[in-house]
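So the structure is just underneath, and the comments pick up after that.
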Amino acid sequence: MKKRVYALALLIVSALLMLAAPAPAPAQIQEVRIGDGKGDWGYPNPYRHYPRGPGYIRMSWVFDTLVWKDQKGYMPALADSWSYDSGKLAFTFHLNPKAKWHDLKPLTADDVAFTIDYFKKHPYSWISVDDVSRAEALGPHKVIIYLSKPYAPFISDIGGTMPVLPKHIWQSVDNPEAYDDPKAFLGSGPYRFMDFNKAQGTYLYEAFGDYYQGRPKADRLIYVRTGQPLISLSNRQVDLANIQPDMAEPLKQKGLVVLKDERGWNKKLMINHKKAPYSDRRFRHALAFAINQQEIIDKSHRGFAMPASYGLLSPDHDMYNPNTPSYAFSPEKARELLETMGYQKGADGYYGKGGQALKIELLSSNITVAGQSVADRDGEVIKKQLEQVGIKVDLVNLEQATTDSKVKTWNFDLAVAGPEGVSCDASIPNQM
């Protein structure tokens, strides 16, 4: 399990993600062109895609999972059915006998058992098999996965997230991160991976005609990098693109269909609690009182958001704790806490022992929401708010990947981050 960086609060639960598209197409579609602001999300296999949602999605077209999920709950994917034996701590999966790899070899229970073993030896960032003791194939289409202890989110985290690997290809691969043979992209999903142009940020997938759930309705999927989704949609250069909420009505008037997603994306302020003064709870509370969530929503998100809780889960999550503490905006309380820590108020802010100014570094970057790059002003607003209570702020704008790397290695003071997954099982945001 990844170590968790202390989060002051889920600053903002975003407005519903919006996806615009032309009017419904006929039953069989020649191609679907998807606009994307970033373009490069890595190569679409488990070890080479970028470790964020869009990278996983590009991989998931190629590599299928045991189960999947829609708005009604879990549904069959590679597994037709499954059951759990609480006495044995064992999940039994019955595989779809029609499932094949893209080289037309049959997908079997041996492949599933092999995948578990392989991820134990070569961890995959999106799942943890630490609580899985072993997997056993019983015939070609039945596999039992035994747990070492109860693991409540198993179906979502492993059954519905773990990409199953073809044993006949990966059993001889000792360094999966460096494996770039064309066979590294041979899966059992609805689409074959055909091409990725890293410089242009384009991806090409072709439908797998022998897919066990039937041929996909679109013959090709094409990802196109575009920094202007509105123009690309209006000119019909792309069929789908993520848009900002305030674009929805104008696009509807042009005849495009706008799809709303659930509130599953948030902003949070990451705090390096391993070093002073951030390791002092009073300082973290002072930050909470100094930050005005509503001002961030109004100025940075144009009103298309709602305040979040000061925990990891949003207030509308099924597992949200109603007793989660809250911190109403109060610059006075923030200053009071700073002064209890020994900081002295000067003409231009607070000073610590030895007359050293209280100054922090805040990392910020343009964020990516479901593949679309979005200008981020949260850092600017937070800087202003903290400086109004007497905390000097050095705002540093970095590429998102650089910010992620600094947070991962604890090389930061504060960082504005935008993880997804807050509407999923509580274990997902807990690992971010």
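Following the order of the structure tokens, chains are lettered A, B, ..., residues in each are numbered from 1, and ligands are numbered from 1.
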(message) According to DSSP computed on the backbone, where in stretch 210-348 of chain A is there helix (DSSP H, G or I)? Give the residues as a PyMOL selection string.
(response) chain A and resi 229-234+245-253+281-290+293-300+331-340
Leaving out stretch 116-128 of chain A and any residue of its chain fewer than 5 positions from it, which residues lie within 9 Å of it when counting only C-alpha atoms, given as a CSV table (one decimal) with all heavy atoms, in the first residue's frame?
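Result file follows (part30.csv):
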chain,number,residue,atom,x,y,z
A,1,MET,N,0.8,-1.2,0.0
A,1,MET,CA,0.0,0.0,0.0
A,1,MET,C,0.9,1.2,0.0
A,1,MET,O,1.8,1.3,0.7
A,1,MET,CB,-0.9,0.0,1.2
A,1,MET,CG,-2.1,0.9,1.1
A,1,MET,SD,-3.3,0.4,-0.1
A,1,MET,CE,-4.0,-1.0,0.8
A,46,PRO,N,0.2,-2.5,-19.2
A,46,PRO,CA,0.2,-2.2,-17.7
A,46,PRO,C,1.4,-1.6,-17.2
A,46,PRO,O,1.4,-0.9,-16.2
A,46,PRO,CB,-0.1,-3.6,-17.1
A,46,PRO,CG,-0.8,-4.4,-18.1
A,46,PRO,CD,-0.2,-3.9,-19.5
A,47,TYR,N,2.6,-1.8,-17.8
A,47,TYR,CA,3.8,-1.3,-17.3
A,47,TYR,C,4.3,0.0,-18.0
A,47,TYR,O,5.3,0.5,-17.6
A,47,TYR,CB,4.9,-2.4,-17.4
A,47,TYR,CG,4.6,-3.5,-16.4
A,47,TYR,CD1,4.0,-4.7,-16.8
A,47,TYR,CD2,4.9,-3.4,-15.0
A,47,TYR,CE1,3.7,-5.7,-15.9
A,47,TYR,CE2,4.7,-4.4,-14.2
A,47,TYR,CZ,4.0,-5.6,-14.6
A,47,TYR,OH,3.8,-6.6,-13.7
A,51,PRO,N,0.6,6.8,-15.1
A,51,PRO,CA,-0.2,6.3,-14.0
A,51,PRO,C,-1.3,7.3,-13.5
A,51,PRO,O,-1.4,7.6,-12.4
A,51,PRO,CB,0.8,6.1,-12.8
A,51,PRO,CG,1.9,7.2,-13.1
A,51,PRO,CD,2.0,7.2,-14.6
A,52,ARG,N,-2.1,7.7,-14.5
A,52,ARG,CA,-3.3,8.4,-14.2
A,52,ARG,C,-4.5,7.8,-15.0
A,52,ARG,O,-4.2,7.0,-15.9
A,52,ARG,CB,-3.2,9.9,-14.5
A,52,ARG,CG,-2.4,10.6,-13.4
A,52,ARG,CD,-2.3,12.1,-13.6
A,52,ARG,NE,-1.6,12.8,-12.5
A,52,ARG,CZ,-2.2,13.3,-11.4
A,52,ARG,NH1,-3.5,13.2,-11.3
A,52,ARG,NH2,-1.5,13.9,-10.5
A,56,TYR,N,-4.7,4.7,-17.9
A,56,TYR,CA,-5.3,3.4,-17.7
A,56,TYR,C,-6.4,3.1,-18.7
A,56,TYR,O,-6.5,2.0,-19.2
A,56,TYR,CB,-5.9,3.4,-16.3
A,56,TYR,CG,-6.6,2.0,-16.0
A,56,TYR,CD1,-5.9,1.0,-15.4
A,56,TYR,CD2,-8.0,1.8,-16.3
A,56,TYR,CE1,-6.5,-0.2,-15.2
A,56,TYR,CE2,-8.6,0.6,-16.0
A,56,TYR,CZ,-7.8,-0.4,-15.5
A,56,TYR,OH,-8.5,-1.6,-15.2
A,111,ASP,N,-3.9,-18.2,-17.3
A,111,ASP,CA,-3.5,-16.9,-17.6
A,111,ASP,C,-3.8,-16.0,-16.3
A,111,ASP,O,-3.0,-15.1,-16.0
A,111,ASP,CB,-4.2,-16.3,-18.8
A,111,ASP,CG,-3.8,-17.0,-20.1
A,111,ASP,OD1,-2.6,-17.0,-20.4
A,111,ASP,OD2,-4.6,-17.5,-20.8
A,134,ARG,N,-2.5,-16.7,-3.1
A,134,ARG,CA,-2.2,-17.5,-4.3
A,134,ARG,C,-3.5,-17.6,-5.2
A,134,ARG,O,-4.6,-17.3,-4.7
A,134,ARG,CB,-1.8,-19.0,-3.9
A,134,ARG,CG,-2.9,-19.8,-3.2
A,134,ARG,CD,-2.3,-21.1,-2.6
A,134,ARG,NE,-3.3,-21.8,-1.8
A,134,ARG,CZ,-4.1,-22.7,-2.3
A,134,ARG,NH1,-4.0,-23.0,-3.6
A,134,ARG,NH2,-5.0,-23.3,-1.6
A,135,ALA,N,-3.2,-18.1,-6.4
A,135,ALA,CA,-4.3,-18.3,-7.3
A,135,ALA,C,-4.2,-19.7,-7.9
A,135,ALA,O,-3.0,-20.1,-8.2
A,135,ALA,CB,-4.3,-17.3,-8.4
A,145,ILE,N,-9.0,-17.6,-6.4
A,145,ILE,CA,-8.0,-16.7,-5.9
A,145,ILE,C,-8.2,-16.6,-4.4
A,145,ILE,O,-9.3,-16.2,-3.9
A,145,ILE,CB,-8.2,-15.2,-6.5
A,145,ILE,CG1,-8.0,-15.3,-8.0
A,145,ILE,CG2,-7.2,-14.3,-5.9
A,145,ILE,CD1,-8.2,-14.0,-8.7
A,157,ASP,N,-11.0,-3.5,-6.8
A,157,ASP,CA,-9.6,-3.2,-6.9
A,157,ASP,C,-8.9,-4.2,-7.8
A,157,ASP,O,-7.9,-3.9,-8.5
A,157,ASP,CB,-8.9,-3.1,-5.5
A,157,ASP,CG,-9.4,-1.9,-4.8
A,157,ASP,OD1,-10.3,-1.2,-5.2
A,157,ASP,OD2,-8.7,-1.6,-3.8
A,158,ILE,N,-9.2,-5.5,-7.6
A,158,ILE,CA,-8.5,-6.5,-8.4
A,158,ILE,C,-9.4,-7.1,-9.5
A,158,ILE,O,-9.1,-7.1,-10.7
A,158,ILE,CB,-8.0,-7.6,-7.5
A,158,ILE,CG1,-7.0,-7.0,-6.5
A,158,ILE,CG2,-7.4,-8.8,-8.3
A,158,ILE,CD1,-6.4,-8.0,-5.5
A,161,THR,N,-10.2,-4.2,-11.9
A,161,THR,CA,-9.1,-3.3,-12.2
A,161,THR,C,-7.9,-4.0,-12.8
A,161,THR,O,-7.2,-3.4,-13.7
A,161,THR,CB,-8.7,-2.4,-11.0
A,161,THR,OG1,-9.8,-1.8,-10.5
A,161,THR,CG2,-7.6,-1.4,-11.4
A,162,MET,N,-7.6,-5.2,-12.4
A,162,MET,CA,-6.4,-5.9,-12.8
A,162,MET,C,-6.5,-6.4,-14.2
A,162,MET,O,-7.3,-7.2,-14.6
A,162,MET,CB,-6.2,-7.1,-11.9
A,162,MET,CG,-5.0,-7.9,-12.2
A,162,MET,SD,-4.9,-9.5,-11.2
A,162,MET,CE,-6.1,-10.5,-12.0
A,164,VAL,N,-5.6,-8.6,-17.1
A,164,VAL,CA,-5.1,-10.0,-17.2
A,164,VAL,C,-4.1,-10.1,-18.4
A,164,VAL,O,-4.4,-9.7,-19.5
A,164,VAL,CB,-6.3,-11.0,-17.4
A,164,VAL,CG1,-5.8,-12.4,-17.6
A,164,VAL,CG2,-7.3,-10.9,-16.3
A,165,LEU,N,-3.0,-10.8,-18.1
A,165,LEU,CA,-1.9,-10.9,-19.0
A,165,LEU,C,-1.9,-12.3,-19.7
A,165,LEU,O,-2.2,-13.3,-19.0
A,165,LEU,CB,-0.6,-10.7,-18.3
A,165,LEU,CG,-0.4,-9.3,-17.6
A,165,LEU,CD1,0.9,-9.3,-16.8
A,165,LEU,CD2,-0.4,-8.2,-18.6
A,170,TRP,N,4.2,-13.2,-21.5
A,170,TRP,CA,4.8,-12.6,-20.4
A,170,TRP,C,5.6,-13.5,-19.5
A,170,TRP,O,6.5,-13.0,-18.7
A,170,TRP,CB,3.8,-11.8,-19.5
A,170,TRP,CG,3.2,-10.6,-20.2
A,170,TRP,CD1,2.2,-10.6,-21.1
A,170,TRP,CD2,3.7,-9.3,-20.2
A,170,TRP,NE1,2.0,-9.3,-21.6
A,170,TRP,CE2,2.9,-8.5,-21.0
A,170,TRP,CE3,4.7,-8.6,-19.5
A,170,TRP,CZ2,3.1,-7.1,-21.2
A,170,TRP,CZ3,4.9,-7.3,-19.7
A,170,TRP,CH2,4.1,-6.5,-20.5
A,171,GLN,N,5.5,-14.8,-19.6
A,171,GLN,CA,6.2,-15.7,-18.7
A,171,GLN,C,7.7,-15.6,-18.9
A,171,GLN,O,8.5,-16.0,-18.0
A,171,GLN,CB,5.7,-17.1,-18.9
A,171,GLN,CG,5.9,-17.7,-20.3
A,171,GLN,CD,5.3,-19.1,-20.4
A,171,GLN,OE1,5.0,-19.8,-19.4
A,171,GLN,NE2,5.1,-19.5,-21.6
A,174,ASP,N,11.4,-10.6,-18.0
A,174,ASP,CA,11.9,-10.4,-16.7
A,174,ASP,C,12.0,-8.9,-16.3
A,174,ASP,O,12.1,-8.5,-15.1
A,174,ASP,CB,13.4,-10.9,-16.6
A,174,ASP,CG,13.4,-12.5,-16.7
A,174,ASP,OD1,12.4,-13.1,-16.2
A,174,ASP,OD2,14.3,-13.0,-17.3
A,175,ASN,N,11.9,-8.0,-17.3
A,175,ASN,CA,11.9,-6.6,-17.1
A,175,ASN,C,10.7,-6.0,-17.8
A,175,ASN,O,10.9,-5.4,-18.9
A,175,ASN,CB,13.2,-6.0,-17.6
A,175,ASN,CG,13.4,-4.5,-17.2
A,175,ASN,OD1,12.5,-3.9,-16.6
A,175,ASN,ND2,14.5,-4.0,-17.6
A,176,PRO,N,9.5,-6.0,-17.2
A,176,PRO,CA,8.3,-5.6,-18.0
A,176,PRO,C,8.4,-4.1,-18.3
A,176,PRO,O,7.8,-3.7,-19.4
A,176,PRO,CB,7.2,-5.8,-17.0
A,176,PRO,CG,7.9,-5.9,-15.6
A,176,PRO,CD,9.2,-6.5,-15.9
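When only C-alpha atoms are used to compute distances to A:Leu395, the closest of the residues A:Phe412, A:Trp82, A:Tyr211, A:Tyr146 turns out to be A:Phe412.
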(message) So the first atom is atom CA of A:Ala286 and the second is atom CA of A:Gly390; what is the distance between them in Å, to one decimal place?
(response)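 If I compute the distance from atom CA of A:Ala286 to atom CA of A:Gly390, I get 11.1 Å.
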(request) Go through A:Lys353, A:Lys38, A:Lys359, A:Lys299 one by one, measure the shortest atom-to-atom distance of each to A:Gly55 using only C-alpha atoms, and give the residue with the smallest value. (result)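 Comparing A:Lys353, A:Lys38, A:Lys359, A:Lys299 against A:Gly55, the winner is A:Lys38.
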(message) Ranking A:Asp180, A:Ala90, A:Arg33, A:Trp101 by minimum distance to A:Lys149 and counting only C-alpha atoms, which one comes first?
(response)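 Using only C-alpha atoms, the shortest distance to A:Lys149 belongs to A:Ala90.
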(request) For stretch 219-234 of chain A, please output as number ranges by chain all residues within 10 Å (counting only C-alpha atoms; exclusion window: fewer than 3 positions along the same chain). (result) A: 20-22, 28-40, 58, 61, 191-196, 200-209, 215-216, 237-244, 247, 250-251, 254-256, 371-374
Expected file: the selected residues, N, CA and C atoms, as a compact mmCIF listing (two decimals), in the first residue's frame:
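Okay, selection14.txt is ready:
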# COMPACT_ATOMS: atom_id res chain seq x y z
N ALA A 20 -18.83 16.23 -24.64
CA ALA A 20 -19.70 16.64 -25.74
C ALA A 20 -19.49 15.74 -26.94
N ALA A 21 -20.58 15.51 -27.68
CA ALA A 21 -20.51 14.64 -28.84
C ALA A 21 -21.61 15.02 -29.82
N PRO A 22 -21.43 14.72 -31.10
CA PRO A 22 -22.50 14.94 -32.06
C PRO A 22 -23.69 14.05 -31.75
N GLN A 28 -23.38 0.62 -36.59
CA GLN A 28 -21.97 0.33 -36.82
C GLN A 28 -21.27 1.61 -37.27
N ILE A 29 -20.20 1.96 -36.57
CA ILE A 29 -19.52 3.22 -36.80
C ILE A 29 -18.13 2.93 -37.35
N GLN A 30 -17.74 3.69 -38.37
CA GLN A 30 -16.44 3.46 -38.98
C GLN A 30 -15.32 3.82 -38.01
N GLU A 31 -15.42 4.99 -37.38
CA GLU A 31 -14.40 5.39 -36.41
C GLU A 31 -14.96 6.41 -35.45
N VAL A 32 -14.36 6.45 -34.26
CA VAL A 32 -14.68 7.45 -33.26
C VAL A 32 -13.39 8.19 -32.95
N ARG A 33 -13.42 9.50 -33.11
CA ARG A 33 -12.25 10.34 -32.88
C ARG A 33 -12.44 11.08 -31.55
N ILE A 34 -11.48 10.92 -30.67
CA ILE A 34 -11.58 11.46 -29.31
C ILE A 34 -10.53 12.55 -29.12
N GLY A 35 -10.98 13.75 -28.79
CA GLY A 35 -10.07 14.85 -28.56
C GLY A 35 -9.46 14.78 -27.17
N ASP A 36 -8.17 15.08 -27.07
CA ASP A 36 -7.46 15.01 -25.79
C ASP A 36 -6.44 16.14 -25.72
N GLY A 37 -6.39 16.83 -24.58
CA GLY A 37 -5.51 17.98 -24.45
C GLY A 37 -4.05 17.64 -24.24
N LYS A 38 -3.76 16.51 -23.62
CA LYS A 38 -2.38 16.15 -23.31
C LYS A 38 -1.74 15.33 -24.41
N GLY A 39 -2.47 14.35 -24.91
CA GLY A 39 -1.95 13.53 -26.00
C GLY A 39 -1.17 12.33 -25.51
N ASP A 40 -0.02 12.57 -24.93
CA ASP A 40 0.87 11.48 -24.53
C ASP A 40 0.49 10.96 -23.14
N ARG A 58 -6.61 4.05 -21.81
CA ARG A 58 -6.02 3.65 -23.09
C ARG A 58 -5.51 2.22 -23.05
N TRP A 61 -8.58 -0.61 -23.22
CA TRP A 61 -9.15 -1.03 -24.50
C TRP A 61 -8.50 -2.33 -24.98
N TYR A 191 -10.36 -3.98 -28.36
CA TYR A 191 -9.59 -3.34 -29.42
C TYR A 191 -8.14 -3.79 -29.42
N ARG A 192 -7.60 -3.90 -30.62
CA ARG A 192 -6.17 -4.14 -30.81
C ARG A 192 -5.45 -2.79 -30.85
N PHE A 193 -4.32 -2.71 -30.20
CA PHE A 193 -3.49 -1.51 -30.28
C PHE A 193 -2.71 -1.55 -31.58
N MET A 194 -2.83 -0.46 -32.36
CA MET A 194 -2.17 -0.42 -33.67
C MET A 194 -1.01 0.58 -33.72
N ASP A 195 -1.18 1.76 -33.09
CA ASP A 195 -0.13 2.76 -33.24
C ASP A 195 -0.25 3.84 -32.17
N PHE A 196 0.90 4.35 -31.74
CA PHE A 196 0.97 5.49 -30.85
C PHE A 196 2.06 6.40 -31.35
N GLN A 200 3.06 13.40 -31.76
CA GLN A 200 1.77 14.01 -32.09
C GLN A 200 0.70 13.73 -31.04
N GLY A 201 0.96 12.76 -30.15
CA GLY A 201 -0.02 12.45 -29.12
C GLY A 201 -1.26 11.76 -29.66
N THR A 202 -1.10 10.92 -30.69
CA THR A 202 -2.25 10.22 -31.28
C THR A 202 -2.15 8.72 -31.03
N TYR A 203 -3.31 8.11 -30.85
CA TYR A 203 -3.42 6.66 -30.65
C TYR A 203 -4.40 6.10 -31.68
N LEU A 204 -4.11 4.89 -32.15
CA LEU A 204 -5.00 4.21 -33.07
C LEU A 204 -5.28 2.80 -32.57
N TYR A 205 -6.57 2.46 -32.48
CA TYR A 205 -7.00 1.12 -32.09
C TYR A 205 -7.95 0.60 -33.16
N GLU A 206 -7.90 -0.71 -33.39
CA GLU A 206 -8.83 -1.34 -34.33
C GLU A 206 -9.63 -2.42 -33.61
N ALA A 207 -10.90 -2.54 -33.97
CA ALA A 207 -11.81 -3.47 -33.31
C ALA A 207 -11.30 -4.91 -33.45
N PHE A 208 -11.44 -5.67 -32.37
CA PHE A 208 -11.09 -7.09 -32.37
C PHE A 208 -12.34 -7.87 -32.75
N GLY A 209 -12.34 -8.41 -33.96
CA GLY A 209 -13.52 -9.08 -34.49
C GLY A 209 -13.95 -10.30 -33.71
N ARG A 215 -18.30 -8.09 -31.66
CA ARG A 215 -17.48 -7.05 -32.29
C ARG A 215 -17.91 -5.67 -31.78
N PRO A 216 -16.95 -4.83 -31.40
CA PRO A 216 -17.30 -3.47 -30.96
C PRO A 216 -18.03 -2.68 -32.05
N GLN A 237 -13.96 17.78 -36.20
CA GLN A 237 -12.65 17.14 -36.29
C GLN A 237 -12.53 16.00 -35.29
N VAL A 238 -13.29 16.09 -34.21
CA VAL A 238 -13.38 15.01 -33.23
C VAL A 238 -14.84 14.75 -32.92
N ASP A 239 -15.12 13.56 -32.44
CA ASP A 239 -16.49 13.17 -32.10
C ASP A 239 -16.78 13.32 -30.62
N LEU A 240 -15.74 13.22 -29.80
CA LEU A 240 -15.88 13.32 -28.35
C LEU A 240 -14.76 14.18 -27.80
N ALA A 241 -15.08 14.97 -26.78
CA ALA A 241 -14.04 15.76 -26.12
C ALA A 241 -14.55 16.22 -24.77
N ASN A 242 -13.66 16.30 -23.81
CA ASN A 242 -14.02 16.85 -22.51
C ASN A 242 -14.10 18.37 -22.61
N ILE A 243 -15.10 18.93 -21.96
CA ILE A 243 -15.30 20.37 -22.03
C ILE A 243 -15.48 20.92 -20.62
N GLN A 244 -15.31 22.23 -20.50
CA GLN A 244 -15.59 22.90 -19.26
C GLN A 244 -17.11 23.07 -19.10
N MET A 247 -19.20 25.51 -21.11
CA MET A 247 -19.33 25.30 -22.55
C MET A 247 -20.58 24.51 -22.90
N PRO A 250 -23.82 26.39 -24.86
CA PRO A 250 -23.56 26.76 -26.26
C PRO A 250 -23.43 25.56 -27.18
N LEU A 251 -22.84 24.47 -26.69
CA LEU A 251 -22.70 23.28 -27.53
C LEU A 251 -24.03 22.58 -27.74
N LYS A 254 -25.80 24.06 -30.51
CA LYS A 254 -25.27 23.69 -31.82
C LYS A 254 -25.64 22.27 -32.21
N GLY A 255 -26.44 21.61 -31.36
CA GLY A 255 -26.89 20.27 -31.70
C GLY A 255 -26.05 19.15 -31.17
N LEU A 256 -25.06 19.44 -30.34
CA LEU A 256 -24.22 18.39 -29.78
C LEU A 256 -24.84 17.84 -28.50
N GLY A 371 -8.15 13.61 -19.30
CA GLY A 371 -7.44 13.76 -20.56
C GLY A 371 -7.36 15.16 -21.10
N GLN A 372 -8.12 16.11 -20.53
CA GLN A 372 -8.12 17.47 -21.05
C GLN A 372 -7.35 18.39 -20.12
N SER A 373 -6.37 19.09 -20.66
CA SER A 373 -5.58 20.01 -19.85
C SER A 373 -6.42 21.22 -19.47
N VAL A 374 -6.40 21.56 -18.18
CA VAL A 374 -7.21 22.66 -17.66
C VAL A 374 -6.30 23.63 -16.92
(request) Have a look at atom CA of A:Ile391 and atom CA of A:Ile360 and let me know their distance in Å, one decimal. (result)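 Between atom CA of A:Ile391 and atom CA of A:Ile360 the gap is 7.5 Å.
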(message) To test your reading of the structure, identify every residue in stretch 76-254 of chain A that backbone DSSP assigns to strand (DSSP E or B), and report it as a PyMOL selection string.
(response) chain A and resi 76+79-85+90-95+100+106+132-137+142-147+191-197+202-207+218-225+240-243
(message) I need the residue nearest A:Leu287 from this list: A:Asp70, A:Glu336, A:Asp130, A:Glu136. Use only C-alpha atoms for the distance.
(response) A:Glu336
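Distance annotation: of A:Ala417, A:Ala288, A:Leu78, A:Met319, the residue with the minimal separation from A:Trp265 is A:Ala417; atom set is only C-alpha atoms.
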(request) Can you work out which one of A:Gln385, A:Ser364, A:Ser279, A:Asn197 has the shortest atom-to-atom distance to A:Gln293, counting only C-alpha atoms? (result)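 Of A:Gln385, A:Ser364, A:Ser279, A:Asn197, the one nearest A:Gln293 is A:Gln385, counting only C-alpha atoms.
Here atom CA of A:Tyr351 and atom CA of A:Ser365 stand 28.2 Å from one another.
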